[in-house]
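Q: Compact mmCIF, N, CA and C atoms, file run-v8.txt:
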```txt
# COMPACT_ATOMS: atom_id res chain seq x y z
N MET H 1 55.45 -49.50 -36.92
CA MET H 1 54.84 -50.51 -36.08
C MET H 1 55.97 -51.30 -35.42
N ASN H 2 55.86 -51.55 -34.12
CA ASN H 2 56.86 -52.31 -33.39
C ASN H 2 56.42 -53.75 -33.22
N LEU H 3 56.90 -54.61 -34.08
CA LEU H 3 56.57 -56.02 -34.00
C LEU H 3 57.48 -56.72 -33.00
N PRO H 4 57.01 -57.79 -32.36
CA PRO H 4 57.85 -58.51 -31.42
C PRO H 4 59.04 -59.16 -32.13
N ASP H 5 60.15 -59.29 -31.40
CA ASP H 5 61.35 -59.96 -31.91
C ASP H 5 61.14 -61.46 -31.77
N LEU H 6 60.95 -62.14 -32.89
CA LEU H 6 60.64 -63.57 -32.85
C LEU H 6 61.87 -64.43 -32.61
N ASP H 7 63.06 -63.83 -32.59
CA ASP H 7 64.27 -64.60 -32.29
C ASP H 7 64.47 -64.75 -30.79
N GLU H 8 63.79 -63.96 -30.00
CA GLU H 8 63.89 -64.02 -28.54
C GLU H 8 62.78 -64.89 -27.99
N PRO H 9 63.02 -65.58 -26.86
CA PRO H 9 61.92 -66.34 -26.24
C PRO H 9 60.80 -65.38 -25.84
N PHE H 10 59.56 -65.83 -25.99
CA PHE H 10 58.43 -64.96 -25.68
C PHE H 10 58.29 -64.78 -24.19
N ASP H 11 58.26 -63.55 -23.74
CA ASP H 11 58.11 -63.21 -22.33
C ASP H 11 57.00 -62.17 -22.23
N VAL H 12 55.82 -62.63 -21.83
CA VAL H 12 54.66 -61.75 -21.79
C VAL H 12 54.88 -60.58 -20.82
N ASP H 13 55.60 -60.80 -19.73
CA ASP H 13 55.85 -59.72 -18.78
C ASP H 13 56.70 -58.61 -19.41
N SER H 14 57.79 -58.99 -20.06
CA SER H 14 58.67 -57.99 -20.69
C SER H 14 57.95 -57.24 -21.80
N LEU H 15 57.18 -57.96 -22.59
CA LEU H 15 56.42 -57.31 -23.66
C LEU H 15 55.44 -56.28 -23.08
N SER H 16 54.79 -56.63 -22.00
CA SER H 16 53.84 -55.72 -21.37
C SER H 16 54.55 -54.48 -20.81
N VAL H 17 55.71 -54.68 -20.19
CA VAL H 17 56.49 -53.55 -19.66
C VAL H 17 56.89 -52.62 -20.80
N LYS H 18 57.33 -53.20 -21.92
CA LYS H 18 57.73 -52.38 -23.08
C LYS H 18 56.55 -51.61 -23.66
N MET H 19 55.41 -52.27 -23.75
CA MET H 19 54.23 -51.59 -24.29
C MET H 19 53.80 -50.45 -23.37
N TRP H 20 53.79 -50.70 -22.07
CA TRP H 20 53.37 -49.68 -21.10
C TRP H 20 54.32 -48.49 -21.13
N ALA H 21 55.60 -48.73 -21.43
CA ALA H 21 56.58 -47.65 -21.49
C ALA H 21 56.31 -46.70 -22.65
N ARG H 22 55.52 -47.11 -23.64
CA ARG H 22 55.17 -46.23 -24.77
C ARG H 22 54.18 -45.15 -24.38
N VAL H 23 53.47 -45.37 -23.31
CA VAL H 23 52.46 -44.40 -22.86
C VAL H 23 53.20 -43.23 -22.18
N PRO H 24 52.84 -42.00 -22.50
CA PRO H 24 53.52 -40.85 -21.90
C PRO H 24 53.48 -40.88 -20.36
N GLU H 25 54.55 -40.46 -19.77
CA GLU H 25 54.71 -40.49 -18.32
C GLU H 25 53.54 -39.88 -17.55
N PRO H 26 53.05 -38.70 -17.93
CA PRO H 26 51.92 -38.12 -17.16
C PRO H 26 50.67 -39.01 -17.18
N VAL H 27 50.42 -39.68 -18.29
CA VAL H 27 49.27 -40.57 -18.40
C VAL H 27 49.50 -41.81 -17.54
N ARG H 28 50.71 -42.37 -17.61
CA ARG H 28 51.02 -43.55 -16.78
C ARG H 28 50.87 -43.22 -15.31
N GLN H 29 51.36 -42.06 -14.89
CA GLN H 29 51.27 -41.69 -13.47
C GLN H 29 49.83 -41.60 -13.01
N LYS H 30 48.97 -41.02 -13.85
CA LYS H 30 47.55 -40.89 -13.51
C LYS H 30 46.94 -42.27 -13.26
N VAL H 31 47.23 -43.20 -14.15
CA VAL H 31 46.70 -44.56 -14.04
C VAL H 31 47.30 -45.27 -12.82
N GLU H 32 48.61 -45.19 -12.68
CA GLU H 32 49.30 -45.89 -11.59
C GLU H 32 48.89 -45.39 -10.22
N LEU H 33 48.71 -44.10 -10.08
CA LEU H 33 48.27 -43.54 -8.79
C LEU H 33 46.87 -44.04 -8.44
N HIS H 34 46.01 -44.12 -9.44
CA HIS H 34 44.64 -44.62 -9.21
C HIS H 34 44.68 -46.08 -8.77
N VAL H 35 45.46 -46.90 -9.46
CA VAL H 35 45.56 -48.32 -9.10
C VAL H 35 46.16 -48.46 -7.70
N ALA H 36 47.21 -47.73 -7.42
CA ALA H 36 47.85 -47.82 -6.11
C ALA H 36 46.89 -47.45 -4.98
N ALA H 37 46.01 -46.51 -5.25
CA ALA H 37 45.06 -46.06 -4.23
C ALA H 37 43.92 -47.05 -4.00
N HIS H 38 43.66 -47.93 -4.98
CA HIS H 38 42.50 -48.81 -4.89
C HIS H 38 42.80 -50.30 -4.89
N LEU H 39 44.03 -50.69 -5.17
CA LEU H 39 44.37 -52.11 -5.20
C LEU H 39 44.42 -52.64 -3.76
N PRO H 40 43.69 -53.70 -3.46
CA PRO H 40 43.72 -54.25 -2.10
C PRO H 40 45.14 -54.61 -1.65
N ALA H 41 45.41 -54.37 -0.39
CA ALA H 41 46.76 -54.55 0.16
C ALA H 41 47.29 -55.97 -0.04
N GLU H 42 46.42 -56.98 0.09
CA GLU H 42 46.91 -58.35 -0.07
C GLU H 42 47.34 -58.64 -1.51
N MET H 43 46.68 -58.01 -2.47
CA MET H 43 47.10 -58.18 -3.87
C MET H 43 48.43 -57.48 -4.12
N LEU H 44 48.58 -56.29 -3.58
CA LEU H 44 49.83 -55.56 -3.71
C LEU H 44 50.97 -56.34 -3.09
N ALA H 45 50.74 -56.89 -1.90
CA ALA H 45 51.78 -57.68 -1.22
C ALA H 45 52.15 -58.92 -2.02
N ARG H 46 51.17 -59.57 -2.62
CA ARG H 46 51.45 -60.78 -3.42
C ARG H 46 52.34 -60.44 -4.62
N VAL H 47 52.00 -59.38 -5.34
CA VAL H 47 52.79 -58.98 -6.50
C VAL H 47 54.20 -58.60 -6.08
N ARG H 48 54.33 -57.84 -5.02
CA ARG H 48 55.67 -57.46 -4.54
C ARG H 48 56.48 -58.68 -4.11
N GLY H 49 55.81 -59.66 -3.51
CA GLY H 49 56.49 -60.89 -3.11
C GLY H 49 57.00 -61.68 -4.30
N LEU H 50 56.19 -61.78 -5.34
CA LEU H 50 56.61 -62.46 -6.56
C LEU H 50 57.83 -61.77 -7.15
N TYR H 51 57.74 -60.46 -7.25
CA TYR H 51 58.84 -59.68 -7.83
C TYR H 51 60.12 -59.84 -7.00
N ALA H 52 59.99 -59.79 -5.69
CA ALA H 52 61.16 -59.92 -4.82
C ALA H 52 61.84 -61.28 -4.98
N ARG H 53 61.05 -62.31 -5.30
CA ARG H 53 61.61 -63.65 -5.49
C ARG H 53 62.05 -63.91 -6.93
N GLY H 54 61.92 -62.90 -7.79
CA GLY H 54 62.34 -63.04 -9.18
C GLY H 54 61.38 -63.86 -10.02
N ILE H 55 60.12 -63.92 -9.61
CA ILE H 55 59.12 -64.70 -10.33
C ILE H 55 58.26 -63.76 -11.16
N ASN H 56 58.09 -64.08 -12.44
CA ASN H 56 57.24 -63.26 -13.30
C ASN H 56 55.81 -63.26 -12.77
N ILE H 57 55.20 -62.10 -12.78
CA ILE H 57 53.81 -61.97 -12.33
C ILE H 57 52.91 -62.91 -13.13
N SER H 58 53.16 -63.01 -14.42
CA SER H 58 52.29 -63.82 -15.28
C SER H 58 52.34 -65.31 -14.95
N SER H 59 53.34 -65.74 -14.21
CA SER H 59 53.45 -67.17 -13.87
C SER H 59 52.61 -67.54 -12.64
N ASP H 60 52.05 -66.55 -11.97
CA ASP H 60 51.25 -66.81 -10.77
C ASP H 60 49.78 -66.92 -11.13
N PRO H 61 49.20 -68.10 -10.99
CA PRO H 61 47.80 -68.27 -11.41
C PRO H 61 46.81 -67.42 -10.62
N GLU H 62 47.14 -67.05 -9.37
CA GLU H 62 46.23 -66.22 -8.58
C GLU H 62 46.25 -64.75 -9.03
N PHE H 63 47.32 -64.35 -9.69
CA PHE H 63 47.38 -62.97 -10.17
C PHE H 63 47.06 -62.88 -11.64
N PHE H 64 47.70 -63.72 -12.42
CA PHE H 64 47.65 -63.57 -13.87
C PHE H 64 46.23 -63.65 -14.42
N HIS H 65 45.91 -62.71 -15.21
CA HIS H 65 44.73 -62.57 -16.03
C HIS H 65 43.40 -62.50 -15.26
N PHE H 66 42.93 -63.58 -14.63
CA PHE H 66 41.58 -63.54 -14.07
C PHE H 66 41.53 -63.22 -12.59
N GLY H 67 42.60 -63.38 -11.85
CA GLY H 67 42.58 -63.07 -10.43
C GLY H 67 42.79 -61.58 -10.21
N ALA H 68 43.85 -61.26 -9.52
CA ALA H 68 44.16 -59.86 -9.25
C ALA H 68 44.44 -59.09 -10.54
N GLY H 69 44.88 -59.81 -11.56
CA GLY H 69 45.10 -59.16 -12.85
C GLY H 69 43.85 -58.49 -13.38
N MET H 70 42.71 -59.11 -13.17
CA MET H 70 41.44 -58.53 -13.59
C MET H 70 41.17 -57.24 -12.81
N VAL H 71 41.49 -57.25 -11.53
CA VAL H 71 41.31 -56.05 -10.71
C VAL H 71 42.19 -54.92 -11.24
N VAL H 72 43.46 -55.24 -11.51
CA VAL H 72 44.37 -54.22 -12.03
C VAL H 72 43.87 -53.68 -13.36
N ARG H 73 43.47 -54.55 -14.28
CA ARG H 73 42.99 -54.09 -15.59
C ARG H 73 41.77 -53.19 -15.44
N ASN H 74 40.84 -53.57 -14.60
CA ASN H 74 39.64 -52.76 -14.44
C ASN H 74 39.94 -51.41 -13.82
N LEU H 75 40.85 -51.38 -12.85
CA LEU H 75 41.26 -50.10 -12.27
C LEU H 75 41.96 -49.22 -13.31
N CYS H 76 42.81 -49.83 -14.12
CA CYS H 76 43.49 -49.07 -15.17
C CYS H 76 42.47 -48.48 -16.14
N ARG H 77 41.47 -49.26 -16.51
CA ARG H 77 40.45 -48.79 -17.46
C ARG H 77 39.63 -47.63 -16.90
N GLU H 78 39.56 -47.51 -15.59
CA GLU H 78 38.83 -46.38 -15.00
C GLU H 78 39.51 -45.05 -15.29
N ARG H 79 40.79 -45.08 -15.59
CA ARG H 79 41.53 -43.84 -15.88
C ARG H 79 41.97 -43.72 -17.34
N LEU H 80 42.05 -44.86 -18.05
CA LEU H 80 42.49 -44.84 -19.45
C LEU H 80 41.80 -45.99 -20.17
N SER H 81 40.88 -45.67 -21.05
CA SER H 81 40.11 -46.71 -21.74
C SER H 81 41.00 -47.46 -22.74
N ASP H 82 40.54 -48.61 -23.18
CA ASP H 82 41.27 -49.34 -24.22
C ASP H 82 41.37 -48.49 -25.49
N ASP H 83 40.33 -47.74 -25.80
CA ASP H 83 40.35 -46.88 -26.99
C ASP H 83 41.41 -45.80 -26.88
N GLU H 84 41.61 -45.27 -25.68
CA GLU H 84 42.66 -44.25 -25.46
C GLU H 84 44.04 -44.90 -25.45
N LEU H 85 44.14 -46.09 -24.87
CA LEU H 85 45.43 -46.78 -24.78
C LEU H 85 45.98 -47.13 -26.15
N VAL H 86 45.12 -47.51 -27.07
CA VAL H 86 45.57 -47.93 -28.40
C VAL H 86 46.22 -46.77 -29.17
N ILE H 87 45.96 -45.55 -28.79
CA ILE H 87 46.61 -44.40 -29.41
C ILE H 87 48.12 -44.47 -29.17
N TYR H 88 48.52 -44.91 -27.99
CA TYR H 88 49.94 -44.98 -27.63
C TYR H 88 50.56 -46.33 -27.98
N CYS H 89 49.78 -47.36 -28.03
CA CYS H 89 50.26 -48.73 -28.28
C CYS H 89 49.41 -49.35 -29.40
N PRO H 90 49.66 -48.97 -30.65
CA PRO H 90 48.76 -49.41 -31.71
C PRO H 90 48.79 -50.91 -32.01
N PHE H 91 49.87 -51.59 -31.78
CA PHE H 91 49.94 -53.03 -32.06
C PHE H 91 49.69 -53.79 -30.76
N GLY H 92 48.48 -54.30 -30.57
CA GLY H 92 48.15 -55.02 -29.34
C GLY H 92 47.90 -54.12 -28.16
N GLY H 93 47.56 -52.87 -28.41
CA GLY H 93 47.41 -51.90 -27.33
C GLY H 93 46.06 -51.97 -26.64
N ASP H 94 45.90 -52.91 -25.74
CA ASP H 94 44.73 -52.95 -24.88
C ASP H 94 45.21 -53.39 -23.50
N TRP H 95 44.33 -53.30 -22.53
CA TRP H 95 44.76 -53.59 -21.16
C TRP H 95 45.13 -55.06 -20.95
N ASP H 96 44.62 -55.96 -21.76
CA ASP H 96 45.03 -57.36 -21.64
C ASP H 96 46.52 -57.53 -21.92
N HIS H 97 47.08 -56.62 -22.73
CA HIS H 97 48.50 -56.71 -23.07
C HIS H 97 49.38 -55.73 -22.30
N CYS H 98 48.80 -54.77 -21.61
CA CYS H 98 49.59 -53.74 -20.94
C CYS H 98 49.49 -53.75 -19.42
N TYR H 99 48.54 -54.47 -18.86
CA TYR H 99 48.33 -54.36 -17.41
C TYR H 99 49.52 -54.88 -16.61
N LEU H 100 50.24 -55.86 -17.11
CA LEU H 100 51.41 -56.36 -16.37
C LEU H 100 52.48 -55.27 -16.27
N GLY H 101 52.69 -54.52 -17.35
CA GLY H 101 53.66 -53.42 -17.31
C GLY H 101 53.27 -52.39 -16.29
N SER H 102 51.98 -52.09 -16.23
CA SER H 102 51.48 -51.16 -15.23
C SER H 102 51.68 -51.71 -13.82
N ALA H 103 51.40 -52.99 -13.65
CA ALA H 103 51.56 -53.62 -12.32
C ALA H 103 53.00 -53.59 -11.86
N TYR H 104 53.93 -53.88 -12.76
CA TYR H 104 55.34 -53.84 -12.38
C TYR H 104 55.74 -52.44 -11.93
N ARG H 105 55.26 -51.43 -12.64
CA ARG H 105 55.66 -50.07 -12.29
C ARG H 105 55.11 -49.62 -10.94
N HIS H 106 53.82 -49.84 -10.69
CA HIS H 106 53.27 -49.27 -9.46
C HIS H 106 53.31 -50.23 -8.28
N CYS H 107 53.59 -51.48 -8.52
CA CYS H 107 53.65 -52.43 -7.40
C CYS H 107 55.09 -52.78 -7.01
N CYS H 108 55.98 -52.73 -7.96
CA CYS H 108 57.32 -53.28 -7.74
C CYS H 108 58.42 -52.24 -7.89
N ASP H 109 58.07 -51.00 -8.10
CA ASP H 109 59.06 -49.95 -8.26
C ASP H 109 60.08 -50.26 -9.35
N VAL H 110 59.61 -50.85 -10.45
CA VAL H 110 60.49 -51.10 -11.58
C VAL H 110 60.91 -49.75 -12.12
N PRO H 111 62.18 -49.61 -12.48
CA PRO H 111 62.65 -48.29 -12.96
C PRO H 111 61.79 -47.77 -14.10
N LYS H 112 61.54 -46.49 -14.03
CA LYS H 112 60.74 -45.83 -15.06
C LYS H 112 61.57 -45.72 -16.33
N ARG H 113 60.94 -45.92 -17.47
CA ARG H 113 61.63 -45.84 -18.77
C ARG H 113 61.33 -44.53 -19.44
```
Would you write the structure of this file as structure tokens?

A:
Amino acid sequence: MNLPDLDEPFDVDSLSVKMWARVPEPVRQKVELHVAAHLPAEMLARVRGLYARGINISSDPEFFHFGAGMVVRNLCRERLSDDELVIYCPFGGDWDHCYLGSAYRHCCDVPKR
């Protein structure tokens, strides 16, 4: 089990990126391609703008959790259910904890791990 490092400051974005990296590449690609094809352009632009300015996605109230974040989570669930996701991320493995990692990968071209 991979428990969080409690000596480091808590960063929900980094934790989400690390959790999403546990999912096999072919599965991630399937999910990311689906989200990229269906995420509204204004939401994609907002996330890319935050990333370009060095601002964590989770710090933006219009994106984080209930705004565009809800759209991303629901699109992700259309290709990979929470029950399937927990197979790859057993500790906290649901879309509430992984959607930011997915968003960074398909919206911001964060290097693949």

Q: Give the alpha helix (DSSP H) residues of chain H, as DSSP finds them on the backbone, and put them as an MDAnalysis selection string.

A: chainID H and resid 12:21 25:38 41:52 68:79 82:88 95:108

Q: Quick one: distance from atom C of H:Gly67 to atom N of H:Gly93 in Å, one decimal?

A: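 So the answer is 20.7 Å.
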
Q: Between H:Val23, H:Ala68, H:Val12, H:Leu80, which has the minimum distance to H:Ala45 (counting only C-alpha atoms)?

A: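 The answer is H:Ala68, which sits nearest to H:Ala45.
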
Q: Which residue is closest to H:Asp96? Choose from H:Asp82, H:Ala52, H:Lys30, H:Cys108 and count only C-alpha atoms.

A: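 Looking only at the distances to H:Asp96, the closest residue turns out to be H:Asp82.
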
Q: Check the smallest atom-to-atom distance from each of H:Val27, H:Trp20, H:Met43, H:Trp95 to H:Ile57 using only C-alpha atoms, then report the winner.

A: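 Closest residue, counting only C-alpha atoms: H:Met43.
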
Q: State, in Å with one decimal place, the distance from atom CA of H:Arg77 to atom CA of H:Val31.

A: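 Atom CA of H:Val31 lies 8.3 Å from atom CA of H:Arg77.
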
Q: Using all atoms listed in the file, find the one residue out of H:Tyr99, H:Arg48, H:Arg105, H:Pro40 that sits nearest to H:Cys76.

A: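 Nearest candidate to H:Cys76 out of H:Tyr99, H:Arg48, H:Arg105, H:Pro40: H:Tyr99.
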
Q: Figure out the distance between atom N of H:Tyr88 and atom N of H:Pro61, please, to one decimal in Å.

A: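 Atom N of H:Tyr88 lies 28.8 Å from atom N of H:Pro61.
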
Q: Take the structure in the block and write a file for stretch 9-20 of chain H, all heavy atoms, as a PDB file, in the first residue's frame.

A:
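New file selection-v3.pdb:
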```pdb
ATOM      1  N   PRO H   9       4.480  18.766   2.590  1.00  0.00           N
ATOM      2  CA  PRO H   9       3.210  19.506   2.599  1.00  0.00           C
ATOM      3  C   PRO H   9       2.207  18.805   1.680  1.00  0.00           C
ATOM      4  O   PRO H   9       2.578  18.287   0.624  1.00  0.00           O
ATOM      5  CB  PRO H   9       3.564  20.885   2.048  1.00  0.00           C
ATOM      6  CG  PRO H   9       5.029  20.910   1.871  1.00  0.00           C
ATOM      7  CD  PRO H   9       5.574  19.540   2.091  1.00  0.00           C
ATOM      8  N   PHE H  10       0.951  18.796   2.079  1.00  0.00           N
ATOM      9  CA  PHE H  10      -0.066  18.110   1.288  1.00  0.00           C
ATOM     10  C   PHE H  10      -0.371  18.890   0.025  1.00  0.00           C
ATOM     11  O   PHE H  10      -0.686  20.066   0.069  1.00  0.00           O
ATOM     12  CB  PHE H  10      -1.343  17.912   2.117  1.00  0.00           C
ATOM     13  CG  PHE H  10      -2.374  17.101   1.389  1.00  0.00           C
ATOM     14  CD1 PHE H  10      -2.190  15.751   1.182  1.00  0.00           C
ATOM     15  CD2 PHE H  10      -3.511  17.701   0.893  1.00  0.00           C
ATOM     16  CE1 PHE H  10      -3.129  14.996   0.505  1.00  0.00           C
ATOM     17  CE2 PHE H  10      -4.464  16.954   0.209  1.00  0.00           C
ATOM     18  CZ  PHE H  10      -4.267  15.604   0.021  1.00  0.00           C
ATOM     19  N   ASP H  11      -0.268  18.234  -1.103  1.00  0.00           N
ATOM     20  CA  ASP H  11      -0.540  18.835  -2.411  1.00  0.00           C
ATOM     21  C   ASP H  11      -1.482  17.891  -3.148  1.00  0.00           C
ATOM     22  O   ASP H  11      -1.063  16.868  -3.674  1.00  0.00           O
ATOM     23  CB  ASP H  11       0.767  19.027  -3.173  1.00  0.00           C
ATOM     24  CG  ASP H  11       0.586  19.606  -4.563  1.00  0.00           C
ATOM     25  OD1 ASP H  11      -0.570  19.804  -5.002  1.00  0.00           O
ATOM     26  OD2 ASP H  11       1.599  19.862  -5.225  1.00  0.00           O
ATOM     27  N   VAL H  12      -2.755  18.251  -3.164  1.00  0.00           N
ATOM     28  CA  VAL H  12      -3.763  17.382  -3.760  1.00  0.00           C
ATOM     29  C   VAL H  12      -3.497  17.156  -5.248  1.00  0.00           C
ATOM     30  O   VAL H  12      -3.735  16.057  -5.760  1.00  0.00           O
ATOM     31  CB  VAL H  12      -5.183  17.934  -3.502  1.00  0.00           C
ATOM     32  CG1 VAL H  12      -5.469  19.171  -4.308  1.00  0.00           C
ATOM     33  CG2 VAL H  12      -6.222  16.870  -3.769  1.00  0.00           C
ATOM     34  N   ASP H  13      -2.956  18.148  -5.947  1.00  0.00           N
ATOM     35  CA  ASP H  13      -2.675  17.988  -7.373  1.00  0.00           C
ATOM     36  C   ASP H  13      -1.586  16.930  -7.600  1.00  0.00           C
ATOM     37  O   ASP H  13      -1.743  16.036  -8.433  1.00  0.00           O
ATOM     38  CB  ASP H  13      -2.250  19.314  -7.999  1.00  0.00           C
ATOM     39  CG  ASP H  13      -3.367  20.331  -8.017  1.00  0.00           C
ATOM     40  OD1 ASP H  13      -3.889  20.651  -6.932  1.00  0.00           O
ATOM     41  OD2 ASP H  13      -3.719  20.820  -9.102  1.00  0.00           O
ATOM     42  N   SER H  14      -0.493  17.022  -6.858  1.00  0.00           N
ATOM     43  CA  SER H  14       0.600  16.056  -7.013  1.00  0.00           C
ATOM     44  C   SER H  14       0.159  14.649  -6.644  1.00  0.00           C
ATOM     45  O   SER H  14       0.519  13.677  -7.314  1.00  0.00           O
ATOM     46  CB  SER H  14       1.794  16.448  -6.149  1.00  0.00           C
ATOM     47  OG  SER H  14       2.372  17.623  -6.634  1.00  0.00           O
ATOM     48  N   LEU H  15      -0.608  14.535  -5.577  1.00  0.00           N
ATOM     49  CA  LEU H  15      -1.112  13.227  -5.172  1.00  0.00           C
ATOM     50  C   LEU H  15      -1.983  12.617  -6.279  1.00  0.00           C
ATOM     51  O   LEU H  15      -1.854  11.442  -6.611  1.00  0.00           O
ATOM     52  CB  LEU H  15      -1.917  13.333  -3.876  1.00  0.00           C
ATOM     53  CG  LEU H  15      -2.511  12.024  -3.361  1.00  0.00           C
ATOM     54  CD1 LEU H  15      -1.427  11.024  -3.020  1.00  0.00           C
ATOM     55  CD2 LEU H  15      -3.389  12.302  -2.153  1.00  0.00           C
ATOM     56  N   SER H  16      -2.820  13.428  -6.882  1.00  0.00           N
ATOM     57  CA  SER H  16      -3.685  12.950  -7.951  1.00  0.00           C
ATOM     58  C   SER H  16      -2.869  12.513  -9.170  1.00  0.00           C
ATOM     59  O   SER H  16      -3.157  11.478  -9.781  1.00  0.00           O
ATOM     60  CB  SER H  16      -4.680  14.040  -8.343  1.00  0.00           C
ATOM     61  OG  SER H  16      -5.576  13.557  -9.312  1.00  0.00           O
ATOM     62  N   VAL H  17      -1.843  13.285  -9.525  1.00  0.00           N
ATOM     63  CA  VAL H  17      -0.973  12.923 -10.651  1.00  0.00           C
ATOM     64  C   VAL H  17      -0.288  11.588 -10.370  1.00  0.00           C
ATOM     65  O   VAL H  17      -0.218  10.714 -11.243  1.00  0.00           O
ATOM     66  CB  VAL H  17       0.057  14.046 -10.929  1.00  0.00           C
ATOM     67  CG1 VAL H  17       1.141  13.570 -11.887  1.00  0.00           C
ATOM     68  CG2 VAL H  17      -0.637  15.275 -11.487  1.00  0.00           C
ATOM     69  N   LYS H  18       0.198  11.407  -9.140  1.00  0.00           N
ATOM     70  CA  LYS H  18       0.864  10.144  -8.778  1.00  0.00           C
ATOM     71  C   LYS H  18      -0.104   8.968  -8.825  1.00  0.00           C
ATOM     72  O   LYS H  18       0.246   7.883  -9.300  1.00  0.00           O
ATOM     73  CB  LYS H  18       1.483  10.261  -7.388  1.00  0.00           C
ATOM     74  CG  LYS H  18       2.697  11.150  -7.355  1.00  0.00           C
ATOM     75  CD  LYS H  18       3.209  11.319  -5.935  1.00  0.00           C
ATOM     76  CE  LYS H  18       4.333  12.339  -5.901  1.00  0.00           C
ATOM     77  NZ  LYS H  18       4.739  12.667  -4.527  1.00  0.00           N
ATOM     78  N   MET H  19      -1.305   9.179  -8.334  1.00  0.00           N
ATOM     79  CA  MET H  19      -2.285   8.091  -8.359  1.00  0.00           C
ATOM     80  C   MET H  19      -2.655   7.726  -9.795  1.00  0.00           C
ATOM     81  O   MET H  19      -2.739   6.552 -10.148  1.00  0.00           O
ATOM     82  CB  MET H  19      -3.523   8.465  -7.553  1.00  0.00           C
ATOM     83  CG  MET H  19      -3.264   8.504  -6.064  1.00  0.00           C
ATOM     84  SD  MET H  19      -4.734   8.848  -5.109  1.00  0.00           S
ATOM     85  CE  MET H  19      -5.564   7.282  -5.217  1.00  0.00           C
ATOM     86  N   TRP H  20      -2.873   8.727 -10.631  1.00  0.00           N
ATOM     87  CA  TRP H  20      -3.248   8.481 -12.026  1.00  0.00           C
ATOM     88  C   TRP H  20      -2.124   7.761 -12.763  1.00  0.00           C
ATOM     89  O   TRP H  20      -2.377   6.948 -13.652  1.00  0.00           O
ATOM     90  CB  TRP H  20      -3.615   9.793 -12.691  1.00  0.00           C
ATOM     91  CG  TRP H  20      -4.120   9.669 -14.095  1.00  0.00           C
ATOM     92  CD1 TRP H  20      -3.636  10.339 -15.179  1.00  0.00           C
ATOM     93  CD2 TRP H  20      -5.205   8.875 -14.584  1.00  0.00           C
ATOM     94  NE1 TRP H  20      -4.349   9.991 -16.303  1.00  0.00           N
ATOM     95  CE2 TRP H  20      -5.322   9.094 -15.954  1.00  0.00           C
ATOM     96  CE3 TRP H  20      -6.089   7.989 -13.968  1.00  0.00           C
ATOM     97  CZ2 TRP H  20      -6.278   8.469 -16.747  1.00  0.00           C
ATOM     98  CZ3 TRP H  20      -7.041   7.357 -14.755  1.00  0.00           C
ATOM     99  CH2 TRP H  20      -7.134   7.600 -16.125  1.00  0.00           C
TER     100      TRP H  20
END
```
